[in-house]
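Participant: Structure file structure30.tsv, TSV, C-alpha atoms (C1' of nucleotides), is pasted below:
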```tsv
chain	number	residue	atom	x	y	z
I	9	MET	CA	-10.99	-23.25	11.50
I	10	ASN	CA	-12.39	-20.79	8.95
I	11	GLU	CA	-11.21	-20.61	5.35
I	12	ILE	CA	-9.51	-17.21	5.48
I	13	TYR	CA	-7.52	-18.26	8.55
I	14	LYS	CA	-6.62	-21.46	6.70
I	15	ILE	CA	-5.25	-19.38	3.82
I	16	TYR	CA	-3.18	-17.38	6.29
I	17	LYS	CA	-1.68	-20.55	7.77
I	18	ILE	CA	-0.88	-21.98	4.34
I	19	LEU	CA	0.79	-18.78	3.16
I	20	TYR	CA	2.78	-18.47	6.39
I	21	LYS	CA	3.93	-22.07	6.13
I	22	ASN	CA	5.02	-21.55	2.51
I	23	TYR	CA	6.65	-18.14	2.72
I	24	GLY	CA	7.46	-17.74	6.41
I	25	PRO	CA	7.33	-14.48	8.37
I	26	GLN	CA	7.74	-11.45	6.09
I	27	GLY	CA	8.89	-8.83	8.60
I	28	TRP	CA	6.97	-5.87	7.26
I	29	TRP	CA	7.29	-2.85	7.14
I	30	PRO	CA	10.92	-2.69	5.90
I	31	ILE	CA	13.02	0.05	7.50
I	32	LEU	CA	16.11	1.57	5.86
I	33	GLY	CA	19.21	-0.01	7.31
I	34	TYR	CA	17.32	-3.07	8.60
I	35	GLY	CA	15.20	-4.13	5.65
I	36	TYR	CA	12.64	-6.80	6.44
I	37	HIS	CA	12.99	-7.40	10.19
I	38	LYS	CA	11.61	-10.93	10.22
I	39	GLN	CA	10.16	-12.11	13.50
I	40	ASP	CA	11.06	-8.85	15.16
I	41	TYR	CA	7.85	-6.94	15.76
I	42	ASN	CA	9.31	-4.08	17.78
I	43	PHE	CA	9.26	-1.76	14.79
I	44	PRO	CA	9.01	1.09	14.19
I	45	ARG	CA	11.12	1.93	17.23
I	46	ASN	CA	11.00	5.72	17.24
I	47	HIS	CA	9.36	8.72	15.61
I	48	ASP	CA	11.87	8.86	12.80
I	49	GLU	CA	11.00	5.31	11.78
I	50	ILE	CA	7.27	6.02	12.08
I	51	PHE	CA	7.71	9.00	9.79
I	52	GLU	CA	9.66	6.86	7.35
I	53	VAL	CA	6.81	4.32	7.24
I	54	CYS	CA	4.32	7.11	6.59
I	55	LEU	CA	6.36	8.48	3.67
I	56	GLY	CA	6.87	4.99	2.30
I	57	SER	CA	3.13	4.34	2.52
I	58	ILE	CA	2.42	7.36	0.33
I	59	LEU	CA	5.33	6.77	-2.05
I	60	THR	CA	4.38	3.14	-2.69
I	61	GLN	CA	0.99	4.04	-4.18
I	62	ASN	CA	0.76	2.10	-7.44
I	63	THR	CA	4.53	1.56	-7.43
I	64	THR	CA	6.99	-1.17	-6.48
I	65	PHE	CA	8.72	-0.86	-3.15
I	66	VAL	CA	12.14	-1.14	-4.79
I	67	SER	CA	11.45	2.28	-6.32
I	68	VAL	CA	10.29	3.59	-2.95
I	69	ILE	CA	13.55	2.51	-1.32
I	70	LYS	CA	15.49	4.53	-3.90
I	71	SER	CA	13.42	7.59	-3.10
I	72	LEU	CA	13.84	7.13	0.65
I	73	GLU	CA	17.59	6.64	0.24
I	74	ASN	CA	17.79	9.79	-1.85
I	75	LEU	CA	16.15	11.67	1.01
I	76	GLN	CA	18.29	9.97	3.63
I	77	ALA	CA	21.43	10.98	1.72
I	78	LYS	CA	20.30	14.59	2.13
I	79	ASN	CA	19.48	13.99	5.81
I	80	ALA	CA	15.94	14.79	4.77
I	81	LEU	CA	13.96	11.93	6.27
I	82	ASN	CA	12.39	14.35	8.71
I	83	VAL	CA	9.66	16.99	8.73
I	84	TYR	CA	11.77	20.08	9.05
I	85	THR	CA	14.32	19.39	6.33
I	86	ILE	CA	11.63	18.49	3.82
I	87	GLU	CA	9.72	21.66	4.63
I	88	LYS	CA	12.81	23.82	4.17
I	89	MET	CA	13.95	22.01	1.04
I	90	GLU	CA	13.45	23.51	-2.40
I	91	ILE	CA	10.36	21.84	-3.85
I	92	ASN	CA	12.11	20.84	-7.06
I	93	GLU	CA	14.92	19.24	-5.08
I	94	PHE	CA	12.36	17.25	-3.13
I	95	LYS	CA	10.55	16.16	-6.29
I	96	GLU	CA	13.86	15.07	-7.79
I	97	ALA	CA	14.59	12.93	-4.75
I	98	ILE	CA	11.27	11.08	-4.89
I	99	LYS	CA	11.24	10.81	-8.69
I	100	PRO	CA	12.00	7.05	-8.80
I	101	SER	CA	8.60	6.34	-7.23
I	102	GLY	CA	6.70	7.99	-10.07
I	103	TYR	CA	3.83	10.53	-9.90
I	104	TYR	CA	6.37	12.79	-8.26
I	105	ASN	CA	4.35	16.00	-8.62
I	106	GLN	CA	1.30	14.44	-6.95
I	107	LYS	CA	3.26	12.60	-4.31
I	108	ALA	CA	5.30	15.69	-3.40
I	109	ARG	CA	2.03	17.48	-2.69
I	110	TYR	CA	0.60	14.49	-0.84
I	111	ILE	CA	3.65	14.29	1.40
I	112	LEU	CA	3.57	18.01	2.17
I	113	GLU	CA	-0.12	17.72	2.99
I	114	PHE	CA	0.66	14.82	5.27
I	115	ILE	CA	3.51	16.67	6.98
I	116	ALA	CA	1.19	19.58	7.83
I	117	PHE	CA	-1.13	17.06	9.45
I	118	TYR	CA	1.66	15.06	11.08
I	119	LYS	CA	3.16	18.09	12.79
I	120	ASN	CA	-0.13	18.79	14.52
I	121	LEU	CA	-0.15	15.32	16.05
I	122	TYR	CA	2.87	16.09	18.25
I	123	GLY	CA	3.66	12.38	18.36
I	124	ALA	CA	0.11	11.17	18.99
I	125	THR	CA	-1.44	8.31	17.04
I	126	PRO	CA	-3.79	9.59	14.31
I	127	THR	CA	-7.26	8.18	13.86
I	128	ARG	CA	-8.29	6.56	10.60
I	129	GLU	CA	-10.85	9.28	9.96
I	130	GLU	CA	-8.26	12.01	10.44
I	131	LEU	CA	-5.91	10.33	8.01
I	132	LEU	CA	-8.66	9.99	5.40
I	133	ASN	CA	-9.19	13.75	5.56
I	134	VAL	CA	-5.63	14.33	4.35
I	135	ILE	CA	-5.40	14.84	0.58
I	136	GLY	CA	-3.52	11.91	-0.91
I	137	ILE	CA	-4.40	9.42	1.81
I	138	GLY	CA	-7.09	6.96	0.84
I	139	GLU	CA	-8.24	3.85	2.67
I	140	GLU	CA	-5.27	1.67	1.82
I	141	THR	CA	-2.66	4.29	2.64
I	142	ALA	CA	-4.43	5.12	5.91
I	143	ASP	CA	-4.46	1.48	6.94
I	144	SER	CA	-0.86	1.10	5.86
I	145	ILE	CA	0.19	3.98	8.10
I	146	LEU	CA	-1.89	2.71	11.02
I	147	LEU	CA	-0.98	-0.97	10.72
I	148	TYR	CA	2.74	-0.65	10.07
I	149	GLY	CA	3.56	2.83	11.36
I	150	TYR	CA	1.47	2.83	14.53
I	151	ASN	CA	0.82	-0.89	15.16
I	152	GLN	CA	-2.94	-0.39	15.09
I	153	PRO	CA	-5.22	-3.34	14.24
I	154	GLU	CA	-6.31	-1.99	10.84
I	155	LEU	CA	-5.84	-4.54	8.09
I	156	LYS	CA	-4.46	-3.24	4.82
I	157	VAL	CA	-6.31	-4.38	1.69
I	158	ASP	CA	-4.62	-3.98	-1.67
I	159	ALA	CA	-5.26	-4.95	-5.28
I	160	TYR	CA	-3.72	-8.39	-4.74
I	161	THR	CA	-5.94	-9.08	-1.74
I	162	LYS	CA	-9.06	-8.43	-3.76
I	163	ARG	CA	-7.80	-10.25	-6.82
I	164	ILE	CA	-6.96	-13.35	-4.80
I	165	LEU	CA	-10.22	-13.42	-2.82
I	166	VAL	CA	-12.23	-12.89	-6.00
I	167	HIS	CA	-10.36	-15.70	-7.72
I	168	LEU	CA	-10.96	-18.06	-4.80
I	169	GLY	CA	-14.63	-17.13	-4.70
I	170	PHE	CA	-14.84	-15.37	-1.34
I	171	VAL	CA	-16.08	-12.06	-2.72
I	172	ASN	CA	-17.29	-10.78	-6.07
I	173	ASP	CA	-15.39	-8.21	-8.07
I	174	LYS	CA	-17.72	-5.42	-6.98
I	175	ALA	CA	-16.81	-5.89	-3.32
I	176	LYS	CA	-15.74	-2.66	-1.65
I	177	TYR	CA	-12.61	-2.07	0.39
I	178	THR	CA	-14.25	-2.23	3.81
I	179	GLU	CA	-16.22	-5.35	2.99
I	180	ILE	CA	-13.01	-7.21	2.19
I	181	LYS	CA	-11.20	-5.69	5.16
I	182	PHE	CA	-13.86	-6.76	7.67
I	183	LEU	CA	-14.21	-10.22	6.17
I	184	ILE	CA	-10.51	-10.84	6.76
I	185	GLN	CA	-10.37	-9.12	10.15
I	186	ASN	CA	-13.39	-11.04	11.43
I	187	SER	CA	-12.05	-14.33	10.10
I	188	LEU	CA	-8.61	-13.91	11.66
I	189	GLY	CA	-10.17	-12.52	14.84
I	190	ALA	CA	-12.37	-15.59	15.22
I	191	SER	CA	-9.31	-17.82	15.36
I	192	ILE	CA	-6.79	-15.58	17.12
I	193	LYS	CA	-7.90	-14.30	20.51
I	194	ASP	CA	-4.66	-12.74	21.74
I	195	LYS	CA	-4.56	-9.07	20.74
I	196	LYS	CA	-0.83	-8.91	20.12
I	197	LYS	CA	-0.92	-12.06	18.01
I	198	LEU	CA	-3.89	-10.75	16.07
I	199	LEU	CA	-2.05	-7.53	15.25
I	200	ILE	CA	0.94	-9.52	14.03
I	201	ALA	CA	-1.42	-11.69	11.97
I	202	TYR	CA	-2.84	-8.56	10.30
I	203	GLN	CA	0.68	-7.35	9.53
I	204	GLU	CA	1.84	-10.69	8.21
I	205	PHE	CA	-1.37	-11.45	6.32
I	206	HIS	CA	-1.07	-8.46	4.04
I	207	ALA	CA	2.66	-9.02	3.55
I	208	LEU	CA	2.07	-12.67	2.67
I	209	ILE	CA	-0.71	-11.76	0.25
I	210	VAL	CA	1.67	-9.42	-1.57
I	211	GLU	CA	4.35	-12.10	-1.73
I	212	HIS	CA	1.86	-14.63	-3.06
I	213	GLY	CA	0.25	-12.07	-5.35
I	214	LYS	CA	3.54	-11.13	-6.96
I	215	LYS	CA	4.19	-14.80	-7.72
I	216	HIS	CA	0.78	-15.93	-8.94
I	217	TYR	CA	-1.49	-12.94	-9.46
I	218	SER	CA	0.50	-10.33	-11.34
I	219	LYS	CA	0.20	-11.80	-14.84
I	220	LYS	CA	-2.90	-13.07	-16.57
I	221	PRO	CA	-4.43	-15.48	-16.25
I	222	TYR	CA	-4.54	-14.55	-12.59
I	223	GLY	CA	-4.10	-17.43	-10.18
I	224	SER	CA	-2.02	-19.67	-12.41
I	225	GLY	CA	0.16	-21.81	-10.18
I	226	CYS	CA	-1.76	-20.69	-7.10
I	227	PHE	CA	-1.70	-23.51	-4.57
I	228	LEU	CA	-4.48	-22.10	-2.38
I	229	ASN	CA	-7.30	-23.41	-4.51
I	230	PRO	CA	-7.11	-27.09	-3.54
I	231	HIS	CA	-6.95	-26.23	0.15
I	232	VAL	CA	-10.02	-24.05	0.43
I	233	LYS	CA	-13.69	-24.21	-0.59
K	26	DA	C1'	7.05	-2.71	-27.15
K	27	DG	C1'	3.78	-3.08	-23.85
K	28	DC	C1'	2.14	-4.13	-19.44
K	29	DC	C1'	2.34	-3.82	-14.55
K	30	DA	C1'	3.60	-1.94	-10.00
K	31	DG	C1'	2.26	-2.73	-2.15
K	32	DG	C1'	-3.59	4.06	-5.26
K	33	DC	C1'	-5.79	8.58	-5.10
K	34	DT	C1'	-8.22	12.56	-6.84
K	35	DA	C1'	-11.22	14.94	-9.88
K	36	DC	C1'	-14.74	14.88	-12.77
K	37	DC	C1'	-18.20	12.72	-15.47
K	38	DG	C1'	-23.05	10.66	-16.29
Q	5	DC	C1'	-23.71	7.06	-6.24
Q	6	DG	C1'	-20.42	4.01	-9.82
Q	7	DG	C1'	-17.06	4.33	-13.45
Q	8	DT	C1'	-12.75	6.19	-15.37
Q	9	DA	C1'	-8.83	9.36	-17.16
Q	10	DG	C1'	-4.73	11.19	-15.45
Q	11	DC	C1'	-0.72	10.90	-12.88
Q	12	DA	C1'	5.12	9.00	-14.21
Q	13	DT	C1'	9.15	6.21	-13.34
Q	14	DG	C1'	11.35	1.66	-13.66
Q	15	DG	C1'	11.65	-3.33	-14.42
Q	16	DC	C1'	10.84	-7.24	-17.06
```
In structure tokens, write the structure found in this file.
Facilitator:
Amino acid sequence: MNEIYKIYKILYKNYGPQGWWPILGYGYHKQDYNFPRNHDEIFEVCLGSILTQNTTFVSVIKSLENLQAKNALNVYTIEKMEINEFKEAIKPSGYYNQKARYILEFIAFYKNLYGATPTREELLNVIGIGEETADSILLYGYNQPELKVDAYTKRILVHLGFVNDKAKYTEIKFLIQNSLGASIKDKKKLLIAYQEFHALIVEHGKKHYSKKPYGSGCFLNPHVK
DNA sequence: AGCCAGGCTACCG
DNA sequence: CGGTAGCATGGC
């Protein structure tokens, strides 16, 4: 059993299934992996993925609820909406001028998909979608095996000595994907492991890696290396 | 009061 | 290329 997989098992045992990505009205659907269940929910995950950039998800939920209250969690209403009204709705998530543009850029792209699953490369060509947001959309919106790496992931792996602080996004992503893939052969289970791994990292990161010194109280150290 | 949050782009050397 | 300022609200 490799070390990264061991970390996954320890985190899962401690925190349990996380049920990402939360959907309005259902929240964290723990141990139910049949989400998103329709195009509206996929679209909601995409918007949430953009809105959550460098922001807490609590703020994202407020923004999404503001839109939902206007029946605007869909392409056509957002496009017709006055831009300042849209910005006001997403204000709680911060960077609302940037994010309003990013979302409109994404919608132009999304419409052209006609329900198809986008490729990672296509997503990366959309202004406002970087590697993490692309993987977030693919992993949680489209159930594609693309692990999402965030600041906590890197911070934790650096602290535990798996990578150095200059490690790039894809290096970390493939290290984790290859490690989990070596231990989990079933495709469906591997996808769920990707989804849960990132969610568990965030949960653990919020508890032990948000304040300096990073890693204080982290219980992973004695179990690995 | 200051730091951090489930990042990305633009621009610099 | 790698490094960094700017973006902005909300919670602790």
Participant: Compile a residue-level contact table for chain K against chain I at a cut-off of 10 Å, reporting for every qualifying residue the shortest atom pair and its distance in Å to one decimal, with only C-alpha atoms (C1' of nucleotides) counted, rows ordered by chain and ascending number, as CSV.
Facilitator:
```
residue,atom,partner,partner_atom,distance
K:DC28,C1',I:Lys219,CA,9.2
K:DC29,C1',I:Ser218,CA,7.5
K:DA30,C1',I:Thr63,CA,4.4
K:DG31,C1',I:Thr60,CA,6.3
K:DG32,C1',I:Gln61,CA,4.7
K:DC33,C1',I:Gly136,CA,5.8
K:DT34,C1',I:Gly136,CA,7.6
```
Participant: Counting only C-alpha atoms (C1' of nucleotides), which residues of chain Q come no farther than 9 Å from chain I, as a ChimeraX atom specification?
Facilitator: /Q:11-14
Participant: Between I:Gln203, I:Gln185, I:Asn229, I:Ser224, which one has atoms that come closest to Tyr20 (chain I), using all atoms listed in the file?
Facilitator: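 The shortest atom-to-atom distance to Tyr20 (chain I) comes from I:Gln203.
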Participant: Just need the box for region 7-14 of chain Q, edges along x, y and z, holding every atom the file lists for it with 8 Å tacked onto each side, so centre and edge lengths in Å to one decimal, as AutoDock Vina command-line options.
Facilitator:
```
--center_x -2.9 --center_y 6.4 --center_z -15.0 --size_x 44.4 --size_y 25.5 --size_z 20.3
```
Participant: What's the 12 Å shell around region 7-9 of chain Q, counting only C-alpha atoms (C1' of nucleotides), without same-chain residues fewer than 4 positions away, as an NGL selection string?
Facilitator: (:I and (174)) or (:K and (34-38))
Participant: For a test of reading the model, state the distance in Å between CA of Gly27 (chain I) and CA of Gln39 (chain I), rounded to one decimal.
Facilitator: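 If I compute the distance from CA of Gly27 (chain I) to CA of Gln39 (chain I), I get 6.0 Å.
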Participant: Just want the 7 Å neighbourhood of Arg128 (chain I), counted on all atoms listed in the file, with same-chain residues fewer than 3 positions away dropped. Output as a PyMOL selection string.
Facilitator: chain I and resi 131-132+142
Participant: Pick out the residues sitting within 10 Å of region 49-56 of chain I, and hand them over as a PyMOL selection string; count only C-alpha atoms (C1' of nucleotides), and ignore anything fewer than 2 positions along from it in its own chain.
Facilitator: chain I and resi 29-32+43-47+58-61+65+68-69+71-72+76+81-83+101+107+110-111+114-115+118+123+141-142+144-146+148-151
Participant: As an exercise, work out the distance from CA of Leu121 (chain I) to CA of Tyr36 (chain I) in Å and give it to one decimal place.
Facilitator: 27.3 Å
Participant: Any idea what the distance is between CA of Asp48 (chain I) and CA of Pro153 (chain I)?
Facilitator: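 About the pair CA of Asp48 (chain I) and CA of Pro153 (chain I): they are 21.0 Å apart.
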Participant: As a compact mmCIF listing (two decimals), in the coordinates of the input, could you write out region 15-36 of chain I once it has been completed with N, CA, C and O atoms?
Facilitator:
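Final output, saved to rebuild24.txt:
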```
# COMPACT_ATOMS: atom_id res chain seq x y z
N ILE I 15 -6.11 -19.98 4.84
CA ILE I 15 -5.25 -19.38 3.82
C ILE I 15 -4.03 -18.74 4.48
O ILE I 15 -2.90 -18.89 4.01
N TYR I 16 -4.28 -18.03 5.57
CA TYR I 16 -3.18 -17.38 6.29
C TYR I 16 -2.14 -18.41 6.74
O TYR I 16 -0.94 -18.21 6.56
N LYS I 17 -2.61 -19.53 7.30
CA LYS I 17 -1.68 -20.55 7.77
C LYS I 17 -0.88 -21.16 6.61
O LYS I 17 0.32 -21.41 6.73
N ILE I 18 -1.56 -21.39 5.50
CA ILE I 18 -0.88 -21.98 4.34
C ILE I 18 0.19 -21.03 3.79
O ILE I 18 1.32 -21.43 3.50
N LEU I 19 -0.17 -19.77 3.68
CA LEU I 19 0.79 -18.78 3.16
C LEU I 19 1.98 -18.65 4.10
O LEU I 19 3.13 -18.59 3.67
N TYR I 20 1.70 -18.62 5.40
CA TYR I 20 2.78 -18.47 6.39
C TYR I 20 3.72 -19.66 6.34
O TYR I 20 4.94 -19.54 6.42
N LYS I 21 3.12 -20.85 6.18
CA LYS I 21 3.93 -22.07 6.13
C LYS I 21 4.82 -22.06 4.88
O LYS I 21 5.96 -22.50 4.91
N ASN I 22 4.28 -21.56 3.77
CA ASN I 22 5.02 -21.55 2.51
C ASN I 22 6.09 -20.47 2.44
O ASN I 22 7.19 -20.70 1.93
N TYR I 23 5.74 -19.27 2.90
CA TYR I 23 6.65 -18.14 2.72
C TYR I 23 7.37 -17.71 3.99
O TYR I 23 8.37 -17.00 3.93
N GLY I 24 6.85 -18.14 5.14
CA GLY I 24 7.46 -17.74 6.41
C GLY I 24 7.14 -16.31 6.77
O GLY I 24 6.47 -15.60 6.01
N PRO I 25 7.60 -15.85 7.93
CA PRO I 25 7.33 -14.48 8.37
C PRO I 25 7.98 -13.48 7.41
O PRO I 25 9.09 -13.69 6.94
N GLN I 26 7.27 -12.41 7.09
CA GLN I 26 7.74 -11.45 6.09
C GLN I 26 8.48 -10.25 6.69
O GLN I 26 9.29 -9.63 6.04
N GLY I 27 8.16 -9.92 7.95
CA GLY I 27 8.89 -8.83 8.60
C GLY I 27 8.60 -7.45 8.05
O GLY I 27 9.49 -6.61 7.96
N TRP I 28 7.35 -7.22 7.70
CA TRP I 28 6.97 -5.87 7.26
C TRP I 28 6.77 -4.97 8.44
O TRP I 28 6.43 -5.44 9.52
N TRP I 29 6.94 -3.66 8.28
CA TRP I 29 7.29 -2.85 7.14
C TRP I 29 8.80 -2.69 7.10
O TRP I 29 9.39 -2.39 8.13
N PRO I 30 9.47 -2.83 5.94
CA PRO I 30 10.92 -2.69 5.90
C PRO I 30 11.37 -1.28 6.30
O PRO I 30 10.74 -0.30 5.94
N ILE I 31 12.45 -1.22 7.04
CA ILE I 31 13.02 0.05 7.50
C ILE I 31 14.43 0.17 6.92
O ILE I 31 15.18 -0.80 6.93
N LEU I 32 14.77 1.35 6.41
CA LEU I 32 16.11 1.57 5.86
C LEU I 32 17.17 1.16 6.88
O LEU I 32 17.11 1.53 8.04
N GLY I 33 18.14 0.40 6.42
CA GLY I 33 19.21 -0.01 7.31
C GLY I 33 18.95 -1.36 7.97
O GLY I 33 19.87 -2.01 8.44
N TYR I 34 17.68 -1.78 7.99
CA TYR I 34 17.32 -3.07 8.60
C TYR I 34 16.59 -3.95 7.61
O TYR I 34 16.58 -5.17 7.73
N GLY I 35 15.96 -3.36 6.62
CA GLY I 35 15.20 -4.13 5.65
C GLY I 35 14.02 -4.82 6.32
O GLY I 35 13.38 -4.25 7.21
N TYR I 36 13.76 -6.04 5.89
CA TYR I 36 12.64 -6.80 6.44
C TYR I 36 13.07 -7.46 7.75
O TYR I 36 13.84 -8.41 7.74
```
